[in-house]
>>> print(open('work-v1.txt').read())   # compact mmCIF, C-alpha atoms
# COMPACT_ATOMS: atom_id res chain seq x y z
CA MET O 25 -4.63 17.66 0.54
CA ARG O 26 -2.87 15.72 3.25
CA THR O 27 -0.91 17.40 6.02
CA GLY O 28 2.21 16.61 8.00
CA LEU O 29 5.78 15.59 7.29
CA PRO O 30 6.76 12.06 6.32
CA ILE O 31 8.92 9.69 8.32
CA CYS O 32 12.15 8.07 7.25
CA LEU O 33 13.87 5.44 9.39
CA VAL O 34 16.59 3.06 8.27
CA LEU O 35 17.77 -0.09 10.02
CA LEU O 36 21.29 -0.85 8.84
CA ALA O 37 22.37 -4.42 8.31
CA THR O 38 24.77 -5.41 11.08
CA GLY O 39 26.84 -8.38 12.12
CA VAL O 40 27.40 -9.59 8.57
CA GLN O 41 29.81 -12.49 8.31
CA ALA O 42 32.85 -12.20 6.08
CA ASP O 43 31.50 -14.61 3.49
CA GLN O 44 28.28 -12.57 3.28
CA ARG O 45 29.93 -9.20 2.69
CA ALA O 46 30.45 -10.01 -0.97
CA LYS O 47 26.69 -10.44 -1.39
CA PHE O 48 24.19 -7.68 -1.85
CA PRO O 49 22.05 -7.08 1.24
CA ASN O 50 18.35 -7.78 1.20
CA ILE O 51 16.21 -4.64 1.10
CA VAL O 52 12.81 -4.11 2.72
CA ILE O 53 11.02 -0.81 2.06
CA ILE O 54 7.95 -0.21 4.23
CA LEU O 55 5.86 2.75 3.09
CA ALA O 56 3.17 3.77 5.57
CA ASP O 57 0.21 5.67 4.15
CA ASP O 58 -0.78 8.93 5.92
CA LEU O 59 1.54 8.51 8.91
CA GLY O 60 2.93 11.86 10.04
CA TYR O 61 6.34 12.60 11.50
CA GLY O 62 5.08 13.07 15.05
CA ASP O 63 2.66 10.13 14.98
CA VAL O 64 5.35 7.70 16.12
CA SER O 65 6.74 7.94 19.63
CA CYS O 66 10.44 7.90 18.70
CA ASN O 67 9.92 11.22 16.90
CA ASN O 68 7.64 12.71 19.55
CA PRO O 69 8.77 11.30 22.91
CA GLU O 70 7.64 14.16 25.14
CA ARG O 71 4.28 15.13 23.70
CA GLY O 72 3.21 12.11 21.68
CA LYS O 73 0.55 9.85 23.18
CA ILE O 74 0.57 7.15 20.51
CA ARG O 75 3.08 4.45 21.47
CA THR O 76 4.81 2.64 18.59
CA PRO O 77 7.31 0.20 20.15
CA CYS O 78 8.08 -1.72 16.95
CA ILE O 79 8.86 1.39 14.90
CA ASP O 80 10.81 2.73 17.90
CA ARG O 81 12.82 -0.51 17.91
CA LEU O 82 13.67 0.05 14.27
CA ALA O 83 14.80 3.60 15.03
CA ALA O 84 16.87 2.55 18.05
CA GLN O 85 18.74 -0.10 16.04
CA GLY O 86 19.32 2.09 13.01
CA LEU O 87 19.18 5.71 11.88
CA ARG O 88 16.46 8.35 11.92
CA PHE O 89 16.37 10.85 9.07
CA THR O 90 14.73 13.89 10.67
CA ASP O 91 14.89 16.17 7.63
CA ALA O 92 13.55 13.78 4.99
CA HIS O 93 10.79 14.93 2.66
CA SER O 94 8.24 13.29 0.40
CA SER O 95 8.02 14.71 -3.12
CA SER O 96 4.29 15.31 -2.72
CA GLY O 97 1.61 15.58 -0.05
CA VAL O 98 -0.61 12.97 -1.70
CA CYS O 99 -0.43 9.32 -2.64
CA SER O 100 0.30 8.49 -6.28
CA PRO O 101 2.99 11.11 -7.03
CA SER O 102 4.97 10.27 -3.89
CA ARG O 103 4.90 6.57 -4.85
CA TYR O 104 5.96 7.40 -8.39
CA THR O 105 8.98 9.31 -7.11
CA LEU O 106 9.99 6.63 -4.61
CA LEU O 107 9.91 3.90 -7.25
CA THR O 108 11.45 5.80 -10.18
CA GLY O 109 13.74 8.36 -8.56
CA ARG O 110 12.16 11.08 -10.71
CA TYR O 111 10.24 14.17 -9.70
CA HIS O 112 6.57 13.32 -10.03
CA TRP O 113 5.86 16.44 -12.10
CA ARG O 114 7.90 14.90 -14.91
CA SER O 115 5.02 12.44 -15.34
CA ARG O 116 1.60 13.22 -16.81
CA LEU O 117 0.23 13.77 -13.29
CA GLN O 118 0.61 17.47 -12.57
CA GLN O 119 -1.70 17.49 -9.56
CA GLY O 120 -3.80 15.11 -7.50
CA ILE O 121 -3.69 11.33 -7.66
CA VAL O 122 -4.28 8.57 -10.20
CA GLY O 123 -8.05 8.26 -10.50
CA LEU O 124 -10.32 5.25 -10.45
CA TRP O 125 -9.66 2.80 -13.34
CA GLU O 126 -6.93 5.05 -14.78
CA ALA O 127 -3.95 3.93 -16.85
CA PRO O 128 -0.44 3.36 -15.42
CA LEU O 129 1.49 6.44 -14.33
CA ILE O 130 4.89 4.76 -14.69
CA ALA O 131 5.78 4.40 -18.37
CA PRO O 132 6.51 0.83 -19.56
CA ASP O 133 10.16 1.63 -20.33
CA ARG O 134 10.81 3.58 -17.11
CA LEU O 135 13.37 1.92 -14.86
CA THR O 136 12.20 1.45 -11.28
CA ILE O 137 14.16 0.50 -8.18
CA ALA O 138 12.68 -2.98 -8.62
CA GLY O 139 13.93 -3.21 -12.19
CA LEU O 140 17.36 -2.02 -11.10
CA ALA O 141 17.42 -4.64 -8.36
CA GLN O 142 16.43 -7.32 -10.87
CA GLN O 143 19.46 -6.37 -12.95
CA ARG O 144 21.61 -7.11 -9.89
CA GLY O 145 20.07 -10.55 -9.38
CA TYR O 146 17.48 -9.63 -6.75
CA ARG O 147 14.13 -11.31 -6.34
CA THR O 148 11.68 -8.39 -6.26
CA MET O 149 8.33 -8.47 -4.48
CA CYS O 150 5.57 -5.92 -3.96
CA VAL O 151 2.91 -6.44 -1.30
CA GLY O 152 0.30 -3.80 -0.55
CA LYS O 153 -1.29 -0.69 -2.05
CA TRP O 154 -0.22 0.09 -5.61
CA HIS O 155 -2.27 3.17 -6.65
CA LEU O 156 -0.20 3.87 -9.73
CA GLY O 157 -2.71 2.77 -12.35
CA TRP O 158 -3.25 -0.35 -14.44
CA ASP O 159 -4.28 -1.20 -18.00
CA TRP O 160 -7.71 -2.30 -16.83
CA PRO O 161 -9.38 -4.58 -19.44
CA ILE O 162 -12.53 -2.44 -19.53
CA SER O 163 -14.08 -1.35 -22.83
CA ALA O 164 -15.85 1.98 -23.27
CA ALA O 165 -19.21 0.18 -23.31
CA GLN O 166 -18.37 -1.67 -20.11
CA MET O 167 -17.07 1.36 -18.23
CA ALA O 168 -20.51 2.63 -17.20
CA TYR O 169 -21.27 -0.69 -15.53
CA VAL O 170 -17.98 -0.55 -13.65
CA ARG O 171 -17.52 3.14 -12.87
CA GLU O 172 -21.11 4.18 -12.12
CA ALA O 173 -22.31 1.14 -10.22
CA GLY O 174 -23.78 1.97 -6.85
CA ARG O 175 -24.61 5.63 -7.48
CA PRO O 176 -28.30 6.13 -6.63
CA GLY O 177 -30.34 8.65 -8.59
CA ASP O 178 -28.05 8.53 -11.63
CA ALA O 179 -29.92 7.89 -14.88
CA ARG O 180 -26.89 6.79 -16.88
CA PRO O 181 -26.52 3.14 -17.98
CA GLY O 182 -25.10 0.95 -15.25
CA ALA O 183 -25.78 3.50 -12.51
CA ALA O 184 -28.21 1.36 -10.55
CA ALA O 185 -27.87 1.49 -6.78
CA GLU O 186 -28.24 -2.29 -6.67
CA VAL O 187 -26.30 -4.88 -8.61
CA THR O 188 -28.06 -6.36 -11.64
CA ASP O 189 -27.44 -9.32 -13.92
CA SER O 190 -25.98 -6.85 -16.43
CA HIS O 191 -23.45 -5.70 -13.85
CA ARG O 192 -22.46 -9.25 -12.99
CA ALA O 193 -22.01 -10.18 -16.65
CA VAL O 194 -19.73 -7.21 -17.29
CA TRP O 195 -17.76 -7.74 -14.08
CA ARG O 196 -17.32 -11.44 -14.85
CA ASP O 197 -15.92 -10.59 -18.27
CA VAL O 198 -13.63 -7.83 -16.98
CA PHE O 199 -12.27 -9.49 -13.85
CA SER O 200 -11.64 -12.88 -15.43
CA GLN O 201 -8.95 -11.31 -17.63
CA PRO O 202 -5.34 -10.46 -16.79
CA ILE O 203 -4.83 -6.83 -15.74
CA GLY O 204 -1.90 -5.25 -17.53
CA GLY O 205 0.43 -2.45 -16.55
CA GLY O 206 0.74 -3.38 -12.88
CA PRO O 207 3.72 -4.09 -10.62
CA THR O 208 4.82 -7.25 -12.43
CA THR O 209 5.32 -5.14 -15.57
CA ARG O 210 7.29 -2.49 -13.69
CA GLY O 211 10.15 -4.53 -12.28
CA PHE O 212 8.52 -6.75 -9.68
CA ASP O 213 8.58 -10.53 -9.90
CA SER O 214 5.41 -10.80 -7.84
CA TYR O 215 2.60 -8.70 -6.44
CA PHE O 216 -0.18 -9.16 -3.91
CA GLY O 217 -2.43 -6.46 -2.57
CA THR O 218 -5.39 -4.17 -3.06
CA ASP O 219 -4.90 -1.47 -5.66
CA VAL O 220 -6.54 1.16 -3.43
CA PRO O 221 -8.20 -0.25 -0.29
CA ASN O 222 -11.01 2.33 -0.17
CA TRP O 223 -11.80 2.07 -3.93
CA PRO O 224 -13.13 -0.74 -6.11
CA PRO O 225 -12.52 -3.42 -7.05
CA TYR O 226 -12.97 -4.66 -3.49
CA CYS O 227 -10.83 -7.76 -3.76
CA PHE O 228 -7.18 -8.74 -3.68
CA ILE O 229 -5.02 -8.84 -6.79
CA ASP O 230 -2.39 -11.57 -7.11
CA ASP O 231 0.21 -10.66 -9.76
CA ASP O 232 -2.17 -9.59 -12.55
CA ARG O 233 -5.38 -11.42 -11.58
CA THR O 234 -8.13 -10.62 -9.15
CA VAL O 235 -8.50 -13.19 -6.37
CA GLY O 236 -12.09 -14.12 -7.10
CA ILE O 237 -14.62 -12.33 -9.30
CA PRO O 238 -16.45 -9.39 -7.70
CA SER O 239 -20.17 -10.02 -7.97
CA GLU O 240 -21.78 -7.63 -5.47
CA LEU O 241 -21.80 -3.95 -4.65
CA LEU O 242 -19.96 -3.01 -1.51
CA PRO O 243 -22.63 -2.56 1.21
CA ALA O 244 -23.67 1.03 1.78
CA ASP O 245 -22.76 0.86 5.47
CA LEU O 246 -19.10 0.48 4.47
CA LEU O 247 -19.13 3.71 2.45
CA SER O 248 -18.10 6.88 4.30
CA ASP O 249 -15.23 9.35 4.58
CA THR O 250 -13.38 7.06 6.98
CA LEU O 251 -14.17 3.68 5.40
CA ALA O 252 -14.52 2.92 1.68
CA SER O 253 -15.07 6.12 -0.27
CA LEU O 254 -16.31 4.92 -3.68
CA PRO O 255 -19.05 2.40 -4.55
CA GLY O 256 -18.32 -0.42 -6.93
CA PRO O 257 -17.70 -4.13 -7.54
CA ALA O 258 -16.88 -6.22 -4.48
CA LEU O 259 -16.47 -9.82 -3.48
CA PRO O 260 -19.35 -11.16 -1.39
CA ASP O 261 -18.70 -10.56 2.34
CA TRP O 262 -15.60 -8.42 1.67
CA LYS O 263 -14.19 -7.21 4.98
CA LEU O 264 -12.15 -4.04 5.17
CA GLU O 265 -10.61 -5.18 8.47
CA ALA O 266 -9.09 -8.21 6.75
CA ILE O 267 -6.90 -6.21 4.37
CA LEU O 268 -3.99 -5.22 6.62
CA PRO O 269 -3.55 -8.64 8.30
CA ALA O 270 -3.59 -10.32 4.88
CA LEU O 271 -0.82 -8.02 3.66
CA ALA O 272 1.22 -8.77 6.78
CA ASP O 273 0.74 -12.51 6.26
CA ARG O 274 1.84 -12.32 2.63
CA ALA O 275 4.84 -10.09 3.38
CA CYS O 276 6.11 -12.43 6.10
CA ALA O 277 5.59 -15.45 3.86
CA ALA O 278 7.44 -13.71 1.03
CA ILE O 279 10.40 -13.02 3.32
CA GLY O 280 10.52 -16.65 4.44
CA ASP O 281 10.30 -17.96 0.88
CA ALA O 282 12.95 -15.58 -0.44
CA ALA O 283 15.28 -16.39 2.46
CA GLN O 284 15.07 -20.09 1.65
CA ARG O 285 16.01 -19.42 -1.97
CA GLY O 286 19.30 -17.91 -0.82
CA GLU O 287 19.18 -15.05 -3.32
CA PRO O 288 19.04 -11.37 -2.38
CA PHE O 289 15.54 -9.93 -2.31
CA LEU O 290 13.83 -6.57 -2.39
CA LEU O 291 10.44 -6.32 -0.70
CA TYR O 292 8.42 -3.16 -1.30
CA LEU O 293 5.64 -3.08 1.29
CA PRO O 294 3.33 -0.09 0.70
CA LEU O 295 0.92 -0.45 3.60
CA THR O 296 -2.73 0.53 3.34
CA SER O 297 -2.65 2.12 6.80
CA PRO O 298 -3.18 4.30 8.73
CA HIS O 299 -4.94 5.76 5.69
CA THR O 300 -8.64 5.07 5.37
CA PRO O 301 -10.42 2.71 5.62
CA LEU O 302 -10.15 3.14 9.38
CA ALA O 303 -11.15 -0.50 9.80
CA VAL O 304 -9.41 -1.45 13.05
CA ASN O 305 -9.34 -5.10 14.09
CA VAL O 306 -10.79 -6.03 17.47
CA PRO O 307 -7.49 -6.48 19.38
CA TRP O 308 -6.56 -2.88 18.55
CA GLN O 309 -9.90 -1.17 19.01
CA GLY O 310 -9.53 1.33 21.83
CA ARG O 311 -5.95 0.24 22.47
CA SER O 312 -4.56 3.77 22.08
CA GLY O 313 -6.81 5.09 24.85
CA LEU O 314 -7.40 8.23 22.76
CA SER O 315 -10.95 7.50 21.55
CA SER O 316 -9.59 7.66 18.00
CA ALA O 317 -9.83 5.01 15.31
CA VAL O 318 -6.88 6.51 13.45
CA ALA O 319 -4.70 6.36 16.59
CA ASP O 320 -5.74 2.74 17.12
CA LEU O 321 -4.86 2.00 13.49
CA VAL O 322 -1.39 3.46 14.02
CA LEU O 323 -0.89 0.87 16.76
CA GLU O 324 -2.07 -1.91 14.45
CA THR O 325 0.28 -0.60 11.75
CA ASP O 326 3.13 -0.61 14.24
CA ALA O 327 2.37 -4.26 15.01
CA VAL O 328 2.66 -5.10 11.31
CA VAL O 329 6.13 -3.53 11.27
CA GLY O 330 6.96 -5.74 14.24
CA ARG O 331 5.79 -8.83 12.38
CA VAL O 332 8.03 -7.98 9.42
CA LEU O 333 11.06 -7.47 11.68
CA ASP O 334 10.30 -10.76 13.44
CA ALA O 335 10.01 -12.53 10.08
CA LEU O 336 13.48 -11.30 9.14
CA GLU O 337 14.82 -12.60 12.47
CA SER O 338 13.12 -15.99 12.24
CA SER O 339 14.31 -16.41 8.63
CA ARG O 340 17.87 -15.67 9.80
CA VAL O 341 18.37 -12.82 7.34
CA ALA O 342 17.97 -9.83 9.66
CA ASP O 343 21.73 -9.32 9.92
CA HIS O 344 22.01 -8.98 6.17
CA THR O 345 18.95 -6.84 5.45
CA LEU O 346 18.55 -3.11 4.99
CA VAL O 347 15.13 -2.01 6.29
CA ILE O 348 13.76 1.38 5.26
CA PHE O 349 10.59 2.64 6.94
CA THR O 350 9.04 5.80 5.56
CA SER O 351 5.72 7.48 4.82
CA ASP O 352 4.20 9.86 2.32
CA ASN O 353 2.45 12.41 4.56
CA GLY O 354 0.31 12.81 7.67
CA PHE O 355 -3.35 12.19 8.40
CA ALA O 356 -6.10 13.69 6.25
CA PRO O 357 -8.29 16.19 8.15
CA TYR O 358 -11.46 14.13 7.68
CA THR O 359 -10.02 11.28 9.77
CA GLY O 360 -10.36 13.33 12.94
CA ALA O 361 -6.72 14.39 13.03
CA GLN O 362 -7.49 17.87 14.31
CA GLU O 363 -9.53 16.51 17.20
CA LEU O 364 -6.71 14.09 17.94
CA GLU O 365 -4.25 16.98 18.13
>>> encode(input="work-v1.txt", output="C-alpha cells")
Amino acid sequence: MRTGLPICLVLLATGVQADQRAKFPNIVIILADDLGYGDVSCNNPERGKIRTPCIDRLAAQGLRFTDAHSSSGVCSPSRYTLLTGRYHWRSRLQQGIVGLWEAPLIAPDRLTIAGLAQQRGYRTMCVGKWHLGWDWPISAAQMAYVREAGRPGDARPGAAAEVTDSHRAVWRDVFSQPIGGGPTTRGFDSYFGTDVPNWPPYCFIDDDRTVGIPSELLPADLLSDTLASLPGPALPDWKLEAILPALADRACAAIGDAAQRGEPFLLYLPLTSPHTPLAVNVPWQGRSGLSSAVADLVLETDAVVGRVLDALESSRVADHTLVIFTSDNGFAPYTGAQELE
C-alpha cells in the first residue's frame, strides 16, 4: 500500500483573446505517480528540502487544491476513477491493481474524459503509463512463455532463467500483433508509452503496437525493489533511464503538432515517475543533495513538468490551455521514503 496524500494543482487559462473565448480551451492533465502532497516545495515551503521550481511556477500562476483526494492509494483504481469519473469499486477491481497481462479494467462502452472530449471536437492524446489492462494477444499455451520467463528454479514450461528459441518464437508471434483494449479504444486518438515501466514488456507501445519486438530477458541487474520488479520480455539494451525523457519528448511534440492543427486538444500525461524504477538520469543524480534516488527523481519529474509548460508557451497556446497537475499517492515505503523523512 502506498502512503501520503495526492497533489492537485490547476493552472487556469489566462489572457484569452475575444475571438478565442468561443473556443474550448486545450486541456493538459499531468498525473505524477507516487508523488506525495509534501514532496513539492509549494506545499511544504518551511520543512521541505526537495525544490520543485517548475511545479511551484504552476501553483503560483494558478490554483492549489489543498483538500483534494485520490479515490485509492494505489495505481490502477485511481487512474480508472480519474478517466471515468466513477468510483473504482464499481469496477471488477475490488482491491489492489491490474496485474501483469490482465484484461482492460475500463469496459469498452464506458465513457471516459477522452471520449467526452472527442464528442466536443477535441484531439485526444495519451502519453505515459497506462496500467489499466489490455487485450493482450496471448493464448493459454503461450502464456507460460510470457508470464514465467526469467524465473529461475521454476520447473513449469517457459520458466527458464535464460531466453530460449522457444521464448523468442512466442514473443515474435505475440508482439507482432495489434494489442487491443488500450487507450485508443477508450477515447484517445493516439497513445505512446510503457504500460507499466517496471513490468514487461520492456518496450514502448505506440497506439496498439510495440515499438520493436522484445527478444531478450531484462538483465538481472535491473531487477530489484527500486528498479524493474518483474522479469520478462525486453528489447535488447533496454534502458530504464530512457523512459521518462522519451515521454517528455513525445508529449512536447504532441503539443506542438496539435497546436499547429488549430483544434482543441486534450493531453493526458500519466508520468512514470517518481514511482519505480528509480532510474535517474545523470544530470539529476545527486542533484537533491539528500542522498536519495527518489528525491533526485522528483527533481527530474519537476523538469519534465517545466518542459511541458515551455512547450505550451513556444506553441503559443499557453494562454488558452487549462493545465491540471495531480498525483495518485505518495512514495512506497520500499523506495526509502521513511529514511528520507
>>> residues_near_point(input="work-v1.txt", point="(-5.5, -1.4, 4.8)", cutoff="8 Å", atoms="only C-alpha atoms", output="ChimeraX atom specification")
/O:221,264-268,295-303
>>> closest_atom_pairs(input="work-v1.txt", of="segment 229-347 of chain O", to="segment 204-214 of chain O", cutoff="8 Å", atoms="all atoms listed in the file", output="JSON lines")
{"residue": "O:Asp230", "atom": "CA", "partner": "O:Ser214", "partner_atom": "CA", "distance": 7.9}
{"residue": "O:Asp231", "atom": "CA", "partner": "O:Ser214", "partner_atom": "CA", "distance": 5.5}
{"residue": "O:Asp232", "atom": "CA", "partner": "O:Gly204", "partner_atom": "CA", "distance": 6.6}
>>> residues_around(input="work-v1.txt", residues="segment 146-158 of chain O", least_positions_apart="4", cutoff="8 Å", atoms="all atoms listed in the file", output="ChimeraX atom specification")
/O:99-100,103-104,122-123,125-130,138,141-142,203-207,211-221,271,274-275,278,282,287-296
>>> closest_residue(input="work-v1.txt", among="O:Cys32, O:Thr105, O:Ser316, O:Ala270", to="Gly86 of chain O", atoms="all atoms listed in the file")
O:Cys32
>>> residues_around(input="work-v1.txt", residues="Thr350 of chain O", least_positions_apart="3", cutoff="10 Å", atoms="all atoms listed in the file", output="MDAnalysis selection string")
chainID O and resid 30:34 53:57 59:61 89 92:94 294 347 353
>>> residues_around(input="work-v1.txt", residues="Glu337 of chain O", least_positions_apart="4", cutoff="12 Å", atoms="only C-alpha atoms", output="PyMOL selection string")
chain O and resi 37+276+279-280+283+330-333+341-345
>>> atom_distance(input="work-v1.txt", atom1="atom CA of Asn305 of chain O", atom2="atom CA of Asn222 of chain O")
16.2 Å
>>> atom_distance(input="work-v1.txt", atom1="atom CA of Gly313 of chain O", atom2="atom CA of Thr76 of chain O")
13.4 Å
>>> atom_distance(input="work-v1.txt", atom1="atom CA of Ala84 of chain O", atom2="atom CA of Val322 of chain O")
18.7 Å
>>> axis_aligned_box(input="work-v1.txt", around="segment 296-302 of chain O", padding_each_side="4 Å", output="JSON")
{"center_x": -6.5, "center_y": 3.1, "center_z": 6.4, "size_x": 15.8, "size_y": 13.2, "size_z": 14.0}
>>> closest_residue(input="work-v1.txt", among="O:Val328, O:Thr250, O:Asp352, O:Val198", to="Cys78 of chain O", atoms="only C-alpha atoms")
O:Val328
>>> closest_residue(input="work-v1.txt", among="O:Ile74, O:Leu259, O:Val194, O:Val170", to="Glu324 of chain O", atoms="all atoms listed in the file")
O:Ile74
>>> closest_residue(input="work-v1.txt", among="O:Ile121, O:Ser95, O:Leu241, O:Pro257", to="Arg196 of chain O", atoms="all atoms listed in the file")
O:Pro257
>>> build_atoms(input="work-v1.txt", residues="segment 299-309 of chain O", atoms="all heavy atoms", output="JSON list (two decimals), keeping the file's coordinate frame")
[["chain", "number", "residue", "atom", "x", "y", "z"],
["O", 299, "HIS", "N", -3.97, 5.16, 6.60],
["O", 299, "HIS", "CA", -4.94, 5.76, 5.69],
["O", 299, "HIS", "C", -6.28, 5.06, 5.84],
["O", 299, "HIS", "O", -6.35, 3.93, 6.33],
["O", 299, "HIS", "CB", -4.40, 5.61, 4.25],
["O", 299, "HIS", "CG", -5.16, 6.33, 3.20],
["O", 299, "HIS", "ND1", -6.36, 5.88, 2.70],
["O", 299, "HIS", "CD2", -4.88, 7.47, 2.50],
["O", 299, "HIS", "CE1", -6.79, 6.69, 1.76],
["O", 299, "HIS", "NE2", -5.91, 7.68, 1.62],
["O", 300, "THR", "N", -7.34, 5.73, 5.42],
["O", 300, "THR", "CA", -8.64, 5.07, 5.37],
["O", 300, "THR", "C", -8.58, 3.89, 4.40],
["O", 300, "THR", "O", -7.79, 3.92, 3.45],
["O", 300, "THR", "CB", -9.72, 6.06, 4.90],
["O", 300, "THR", "OG1", -9.30, 6.66, 3.67],
["O", 300, "THR", "CG2", -9.96, 7.13, 5.95],
["O", 301, "PRO", "N", -9.35, 2.84, 4.64],
["O", 301, "PRO", "CA", -10.42, 2.71, 5.62],
["O", 301, "PRO", "C", -9.89, 2.54, 7.05],
["O", 301, "PRO", "O", -8.96, 1.77, 7.28],
["O", 301, "PRO", "CB", -11.19, 1.46, 5.17],
["O", 301, "PRO", "CG", -10.18, 0.66, 4.40],
["O", 301, "PRO", "CD", -9.26, 1.65, 3.75],
["O", 302, "LEU", "N", -10.52, 3.27, 7.97],
["O", 302, "LEU", "CA", -10.15, 3.14, 9.38],
["O", 302, "LEU", "C", -10.88, 1.93, 9.96],
["O", 302, "LEU", "O", -11.74, 2.03, 10.83],
["O", 302, "LEU", "CB", -10.52, 4.41, 10.15],
["O", 302, "LEU", "CG", -9.91, 5.72, 9.64],
["O", 302, "LEU", "CD1", -10.28, 6.87, 10.55],
["O", 302, "LEU", "CD2", -8.39, 5.60, 9.50],
["O", 303, "ALA", "N", -10.52, 0.78, 9.43],
["O", 303, "ALA", "CA", -11.15, -0.50, 9.80],
["O", 303, "ALA", "C", -10.18, -1.21, 10.75],
["O", 303, "ALA", "O", -9.30, -1.96, 10.32],
["O", 303, "ALA", "CB", -11.43, -1.34, 8.57],
["O", 304, "VAL", "N", -10.33, -0.96, 12.03],
["O", 304, "VAL", "CA", -9.41, -1.45, 13.05],
["O", 304, "VAL", "C", -9.89, -2.83, 13.53],
["O", 304, "VAL", "O", -11.06, -3.01, 13.84],
["O", 304, "VAL", "CB", -9.33, -0.48, 14.24],
["O", 304, "VAL", "CG1", -8.31, -0.94, 15.25],
["O", 304, "VAL", "CG2", -9.02, 0.93, 13.73],
["O", 305, "ASN", "N", -8.98, -3.78, 13.60],
["O", 305, "ASN", "CA", -9.34, -5.10, 14.09],
["O", 305, "ASN", "C", -9.53, -5.08, 15.61],
["O", 305, "ASN", "O", -8.96, -4.25, 16.32],
["O", 305, "ASN", "CB", -8.28, -6.12, 13.68],
["O", 305, "ASN", "CG", -8.41, -6.50, 12.21],
["O", 305, "ASN", "OD1", -9.30, -7.25, 11.83],
["O", 305, "ASN", "ND2", -7.54, -5.95, 11.37],
["O", 306, "VAL", "N", -10.33, -6.03, 16.08],
["O", 306, "VAL", "CA", -10.79, -6.03, 17.47],
["O", 306, "VAL", "C", -9.66, -5.89, 18.49],
["O", 306, "VAL", "O", -9.77, -5.10, 19.44],
["O", 306, "VAL", "CB", -11.64, -7.29, 17.75],
["O", 306, "VAL", "CG1", -11.95, -7.42, 19.25],
["O", 306, "VAL", "CG2", -12.94, -7.23, 16.95],
["O", 307, "PRO", "N", -8.54, -6.61, 18.35],
["O", 307, "PRO", "CA", -7.49, -6.48, 19.38],
["O", 307, "PRO", "C", -6.94, -5.07, 19.54],
["O", 307, "PRO", "O", -6.34, -4.76, 20.57],
["O", 307, "PRO", "CB", -6.41, -7.45, 18.90],
["O", 307, "PRO", "CG", -7.12, -8.43, 18.03],
["O", 307, "PRO", "CD", -8.19, -7.63, 17.35],
["O", 308, "TRP", "N", -7.15, -4.22, 18.52],
["O", 308, "TRP", "CA", -6.56, -2.88, 18.55],
["O", 308, "TRP", "C", -7.60, -1.80, 18.79],
["O", 308, "TRP", "O", -7.24, -0.64, 18.99],
["O", 308, "TRP", "CB", -5.83, -2.62, 17.23],
["O", 308, "TRP", "CG", -4.84, -3.68, 16.94],
["O", 308, "TRP", "CD1", -4.97, -4.70, 16.05],
["O", 308, "TRP", "CD2", -3.59, -3.89, 17.60],
["O", 308, "TRP", "NE1", -3.88, -5.53, 16.10],
["O", 308, "TRP", "CE2", -3.02, -5.05, 17.05],
["O", 308, "TRP", "CE3", -2.90, -3.21, 18.58],
["O", 308, "TRP", "CZ2", -1.78, -5.54, 17.46],
["O", 308, "TRP", "CZ3", -1.67, -3.68, 19.00],
["O", 308, "TRP", "CH2", -1.12, -4.84, 18.43],
["O", 309, "GLN", "N", -8.86, -2.17, 18.80],
["O", 309, "GLN", "CA", -9.90, -1.17, 19.01],
["O", 309, "GLN", "C", -9.81, -0.61, 20.44],
["O", 309, "GLN", "O", -9.89, -1.35, 21.40],
["O", 309, "GLN", "CB", -11.27, -1.78, 18.76],
["O", 309, "GLN", "CG", -11.53, -2.12, 17.31],
["O", 309, "GLN", "CD", -12.86, -2.81, 17.08],
["O", 309, "GLN", "OE1", -13.70, -2.89, 17.98],
["O", 309, "GLN", "NE2", -13.07, -3.32, 15.88]]
